[in-house]
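A short worksheet on the structure shown next.
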Amino acid sequence: MKKSLLSIIIGLSVVGAAVAQSRPEVWTLKNCIDFAQQNNTTVRTRAVQVDQNSNDLSTARFSRLPDLNASVGYNVSFGRGTSDDNTYKTQTLQTGSFDVSASMPLFQGLRINRTIKGGKLDLAAAMQDLERAREDVAVNVMTLYLQVLYNKELVIVAEHQLALSTQQAERSRELVAAGKQPESARYESEALAANDALALTQARNDLQLALLDLSQAMNRESADGFDIASPDLDPLLNNALSQRPDADAIYDYAAENRPHIRAERIRLESSENAIAIARSSLYPSLSLRGGYGTGIYSSMDSDFWPQFRHNSSEFVGVSLSIPIFNRRTVRGNIRSAQLSAQRQQLALLDAEQSLRKAIEQAGYNTEAASAKYRAAVAALAAAETAFAYEEQKAAAGRSTVFDFNDAKTRMEKAQSELVQSKFELVFRRKILDYYYGEPLTL
C-alpha cells in the first residue's frame with residue numbers, strides 16, 4: 001500500500017511533466033511583442049489617430065487652392081411679375097439660371113500656413129503617441145514573459161524537492177524494514193512527499209496561469225498550445241551585475257528620445273502655433289473672386305441656346321475684409337490659446353519630472369535587486385551545504401525526518417528566493433536599459 005502511494009506521487013509528477021512538454025508552439029519574446037503590437041487595441045487606436053491627423057494635414061494643405069462652385073435654378077411664377085425686359089406683366093413665366101463662381105484666398109493673416117504647420121505638429125505628436133503605445137505593450141509583454149520564466153523555474157525547484165522527498169521516503173521505508181527507524185518515520189516521510197507533490201501541482205497551475213496572462217495580453221484567441229522559449233539569462237545577469245549608467249546620463253538620453261516626452265514637447269509647439277492662428281483673425285483677409293452666369297426666360301422669342309449666350313455675364317473682382325469689432329471674440333480666442341499653451345507647458349514639466357523620478361527609482365531598484373541576488377546566492381550555497389550534511393546523516397540513519405525536512409525546506413526556500421531575486425534583477429536592469437534606449441530583448 002505504501003509502495004503504491006509513492007508510485008502514484010511519482011506518476012502524477014511524470015504525467016504533469018509530459019503534459020507540460022507536449023506544447024508544440026514555442027514563442028520567443030520578439031514573437032510575443034510583435035504579435036501583441038499588431039493586435040493590441042490601444043496601438044490600433046493610436047494608428048487610426050495617426051491616419052486622422054494625416055487626413056487633417058492634407059485638408060489644411062488643400063485649403064490654399066481655389067474653390068469652384070456651380071448652381072442651376074428653375075422657377076415658374078404666376079401672376080404679375082418682372083419679365084425679361086424688366087417690366088411688370090401678368091403672365092406665367094418660366095425662368096432658368098446657371099452660375100459658376102470661383103474664389104481663392106490671397107491673404108488671411110498667414111492663417112493657412114500656420115494651420116498647415118499645426119497639422120504637421122499634430123501628426124508628429126500622434127506618431128509619438130503611437131510609438132509610446134507600442135513601447136508600453138512591449139514592456140508589459142516582457143514583464144509577463146519574465147513571469148512565465150520565473151514560474152517555469154519554480155516548477156523545476158518543486159520537481160527537485162519532490163525527487164528529494166521521494167528519495168527520503170524510499171530510504172525511510174528501507175530503514176524501517178531494517179529496524180533502524182520506527183514505523184512512524186515512514187508515514188511522516190510519505191506525508192512530506194505527498195505535500196511536495198501538491199506543491200509541484202500548484203507550481204504547474206501557477207505556470208499555466210502565467211501563460212494565460214501572457215496569451216491574453218497578446219490578444220491571442222486562446223492559450224491552448226501556447227508556450228515560450230527559455231533563453232539563457234546568464235549574460236543578462238552578468239550585465240545586470242555590472243556597473244549601471246549614471247542616472248543623469250540616462251535622463252538626458254530619455255528626455256530627448258522617449259516618445260511621451262517628445263510628444264509633449266511637440267504639443268507645446270503646436271499650442272504656441274495655435275496662438276498665432278488665433279491672432280491671424282486680427283488681420284484683414286483678401287480674396288480673388290470670379291464667375292460666370294446666365295439666365296433663360298420663357299417669354300423671350302429666342303430659343304434656348306441663343307438666350308444662354310445673349311444673357312450671359314462674367315465678373316472678376318477682389319474682396320477685402322477688415323475686422324473692426326467682433327464682440328471681443330478674437331481676443332477671447334487668443335486668450336484661450338495662451339491658457340492652453342500654459343497648461344501644455346505644465347504638462348511637459350510634469351512629464352519630465354515623472355520621468356526623472358522613474359529613472360531614479362529604477363536605478364535604486366536595480367541596486368537593491370543586485371544586492372538581494374548576491375545575498376540569495378550566498379544563502380543558497382550555505383543551505384545546500386547544510387542539506388548535504390543532513391542528507392549524509394539521513395543515509396546513515398542518524399537523522400530524523402524533522403531534521404531532514406527542516407534542512408530541505410531551508411534549501412527549497414533559498415532556491416525559490418534565488419529564482420525570485422534573479423528575475424527581479426533581470427527585470428529591473430532591463431527597465432533601466434529601456435530608458436537608456438536599449439532594445440527589450442532577452
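Each chain of the C-alpha cells is named A, B, ... in the order shown, its residues numbered from 1; ligands are numbered from 1 in display order.
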
Filtered DSSP result for stretch 253-323 of chain A, state strand (DSSP E or B), as an NGL selection string: :A and (285-297 or 313-321)

Dump as a tab-separated table the rows for residues of stretch 306-371 of chain A within 12 Å of stretch 105-117 of chain A: closest atom pair and distance in Å with one decimal, only C-alpha atoms counted, ordered by chain and rising residue number.
residue	atom	partner	partner_atom	distance
A:Val318	CA	A:Leu106	CA	9.3
A:Ser319	CA	A:Pro105	CA	9.4
A:Leu320	CA	A:Phe107	CA	9.3
A:Ser321	CA	A:Gln108	CA	9.4
A:Ile322	CA	A:Gln108	CA	10.4
A:Pro323	CA	A:Gln108	CA	11.4

Spatial neighbours of stretch 303-308 of chain A, max dist 10 Å, only C-alpha atoms, sep filter under 4 positions, as a list in words: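 What passes the distance filter is Gly96, Ser97, Phe98, Gly293, Thr294, Gly295, Ile296, Tyr297, Ser298 and Ser312 of chain A.
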
Which of A:Gln345, A:Thr143, A:Ser71, A:Ser287 sits closest to A:Leu442 [using only C-alpha atoms]: A:Thr143

Exercise: stretch 184-186 of chain A partners within 8 Å, only C-alpha atoms, chain neighbours under 4 positions left out, as a PyMOL selection string: chain A and resi 169+172-173+176+190+400-401

How about saving the chosen residues, all heavy atoms kept, as a PDB file, in the first residue's frame?
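Below you can see selection16.pdb, which holds the result:
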ATOM      1  N   ALA A 169      11.600   9.173   1.333  1.00  0.00           N
ATOM      2  CA  ALA A 169      10.539   8.240   1.713  1.00  0.00           C
ATOM      3  C   ALA A 169      10.950   6.802   1.427  1.00  0.00           C
ATOM      4  O   ALA A 169      10.694   5.889   2.227  1.00  0.00           O
ATOM      5  CB  ALA A 169       9.255   8.591   0.962  1.00  0.00           C
ATOM      6  N   SER A 172      13.447   5.832   4.066  1.00  0.00           N
ATOM      7  CA  SER A 172      12.799   5.564   5.359  1.00  0.00           C
ATOM      8  C   SER A 172      12.137   4.197   5.352  1.00  0.00           C
ATOM      9  O   SER A 172      12.168   3.472   6.358  1.00  0.00           O
ATOM     10  CB  SER A 172      11.753   6.639   5.656  1.00  0.00           C
ATOM     11  OG  SER A 172      12.370   7.887   5.852  1.00  0.00           O
ATOM     12  N   ARG A 173      11.549   3.836   4.214  1.00  0.00           N
ATOM     13  CA  ARG A 173      10.932   2.519   4.128  1.00  0.00           C
ATOM     14  C   ARG A 173      11.968   1.412   4.319  1.00  0.00           C
ATOM     15  O   ARG A 173      11.725   0.417   5.016  1.00  0.00           O
ATOM     16  CB  ARG A 173      10.232   2.365   2.770  1.00  0.00           C
ATOM     17  CG  ARG A 173       9.423   1.075   2.634  1.00  0.00           C
ATOM     18  CD  ARG A 173       8.636   1.071   1.346  1.00  0.00           C
ATOM     19  NE  ARG A 173       9.498   1.111   0.189  1.00  0.00           N
ATOM     20  CZ  ARG A 173      10.084   0.028  -0.341  1.00  0.00           C
ATOM     21  NH1 ARG A 173       9.899  -1.159   0.205  1.00  0.00           N
ATOM     22  NH2 ARG A 173      10.854   0.142  -1.397  1.00  0.00           N
ATOM     23  N   VAL A 176      13.094   1.426   8.010  1.00  0.00           N
ATOM     24  CA  VAL A 176      12.067   0.842   8.869  1.00  0.00           C
ATOM     25  C   VAL A 176      12.080  -0.677   8.733  1.00  0.00           C
ATOM     26  O   VAL A 176      11.960  -1.431   9.717  1.00  0.00           O
ATOM     27  CB  VAL A 176      10.679   1.412   8.521  1.00  0.00           C
ATOM     28  CG1 VAL A 176       9.569   0.614   9.212  1.00  0.00           C
ATOM     29  CG2 VAL A 176      10.589   2.879   8.938  1.00  0.00           C
ATOM     30  N   GLU A 190       6.436   9.852   3.838  1.00  0.00           N
ATOM     31  CA  GLU A 190       5.476   9.774   2.749  1.00  0.00           C
ATOM     32  C   GLU A 190       4.526  10.974   2.752  1.00  0.00           C
ATOM     33  O   GLU A 190       4.111  11.466   1.690  1.00  0.00           O
ATOM     34  CB  GLU A 190       4.700   8.470   2.821  1.00  0.00           C
ATOM     35  CG  GLU A 190       5.557   7.252   2.524  1.00  0.00           C
ATOM     36  CD  GLU A 190       4.797   5.956   2.707  1.00  0.00           C
ATOM     37  OE1 GLU A 190       3.674   6.008   3.245  1.00  0.00           O
ATOM     38  OE2 GLU A 190       5.318   4.906   2.314  1.00  0.00           O
ATOM     39  N   THR A 400      16.740  12.500  11.857  1.00  0.00           N
ATOM     40  CA  THR A 400      15.284  12.347  11.977  1.00  0.00           C
ATOM     41  C   THR A 400      14.605  12.952  10.762  1.00  0.00           C
ATOM     42  O   THR A 400      15.192  13.736  10.006  1.00  0.00           O
ATOM     43  CB  THR A 400      14.768  13.040  13.241  1.00  0.00           C
ATOM     44  OG1 THR A 400      14.958  14.457  13.100  1.00  0.00           O
ATOM     45  CG2 THR A 400      15.512  12.530  14.478  1.00  0.00           C
ATOM     46  N   VAL A 401      13.346  12.562  10.585  1.00  0.00           N
ATOM     47  CA  VAL A 401      12.577  13.118   9.468  1.00  0.00           C
ATOM     48  C   VAL A 401      12.444  14.626   9.600  1.00  0.00           C
ATOM     49  O   VAL A 401      12.525  15.372   8.614  1.00  0.00           O
ATOM     50  CB  VAL A 401      11.187  12.452   9.402  1.00  0.00           C
ATOM     51  CG1 VAL A 401      10.332  13.100   8.312  1.00  0.00           C
ATOM     52  CG2 VAL A 401      11.327  10.970   9.157  1.00  0.00           C
TER      53      VAL A 401
END

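Proximity to A:Val43 was assessed for A:Thr95, A:Ser77, A:Thr59, A:Gln128 counting only C-alpha atoms; the smallest distance is recorded for A:Gln128.
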
Contacts of A:Ala210 within 10 Å, only C-alpha atoms, excl. fewer than 6 positions in-chain, as a list in words: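 Contacts, with the query itself left out: Leu144, Tyr145, Leu146, Gln147, Val148, Leu149, Tyr150, Asn151, Lys152, Arg204 and Gln216 of chain A.
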
Those selected residues, please, written with C-alpha atoms and delivered as an mmCIF file, in the first residue's frame.
data_model
loop_
_atom_site.group_PDB
_atom_site.id
_atom_site.type_symbol
_atom_site.label_atom_id
_atom_site.label_comp_id
_atom_site.auth_asym_id
_atom_site.auth_seq_id
_atom_site.Cartn_x
_atom_site.Cartn_y
_atom_site.Cartn_z
ATOM 1 C CA LEU A 144 4.618 38.786 -18.269
ATOM 2 C CA TYR A 145 7.200 36.832 -20.281
ATOM 3 C CA LEU A 146 9.644 37.021 -17.358
ATOM 4 C CA GLN A 147 6.826 35.970 -15.023
ATOM 5 C CA VAL A 148 6.350 32.803 -17.085
ATOM 6 C CA LEU A 149 10.091 32.087 -16.980
ATOM 7 C CA TYR A 150 10.030 32.642 -13.226
ATOM 8 C CA ASN A 151 7.180 30.146 -12.803
ATOM 9 C CA LYS A 152 8.998 27.669 -15.027
ATOM 10 C CA ARG A 204 2.396 23.951 -12.540
ATOM 11 C CA GLN A 216 -4.372 37.334 -23.093
#

Atom CA of A:Ile261 to atom CA of A:Asp51, distance in Å rounded to a single decimal: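 Atom CA of A:Ile261 sits 21.3 Å away from atom CA of A:Asp51.
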
Top pick for closest residue to A:Gly363, considering A:Lys180, A:Lys89, A:Arg429, A:Arg46 and counting only C-alpha atoms: A:Arg429

Top pick for closest residue to A:Val419, considering A:Tyr435, A:Tyr373, A:Phe78, A:Phe35 and counting only C-alpha atoms: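 Closest candidate: A:Tyr373.
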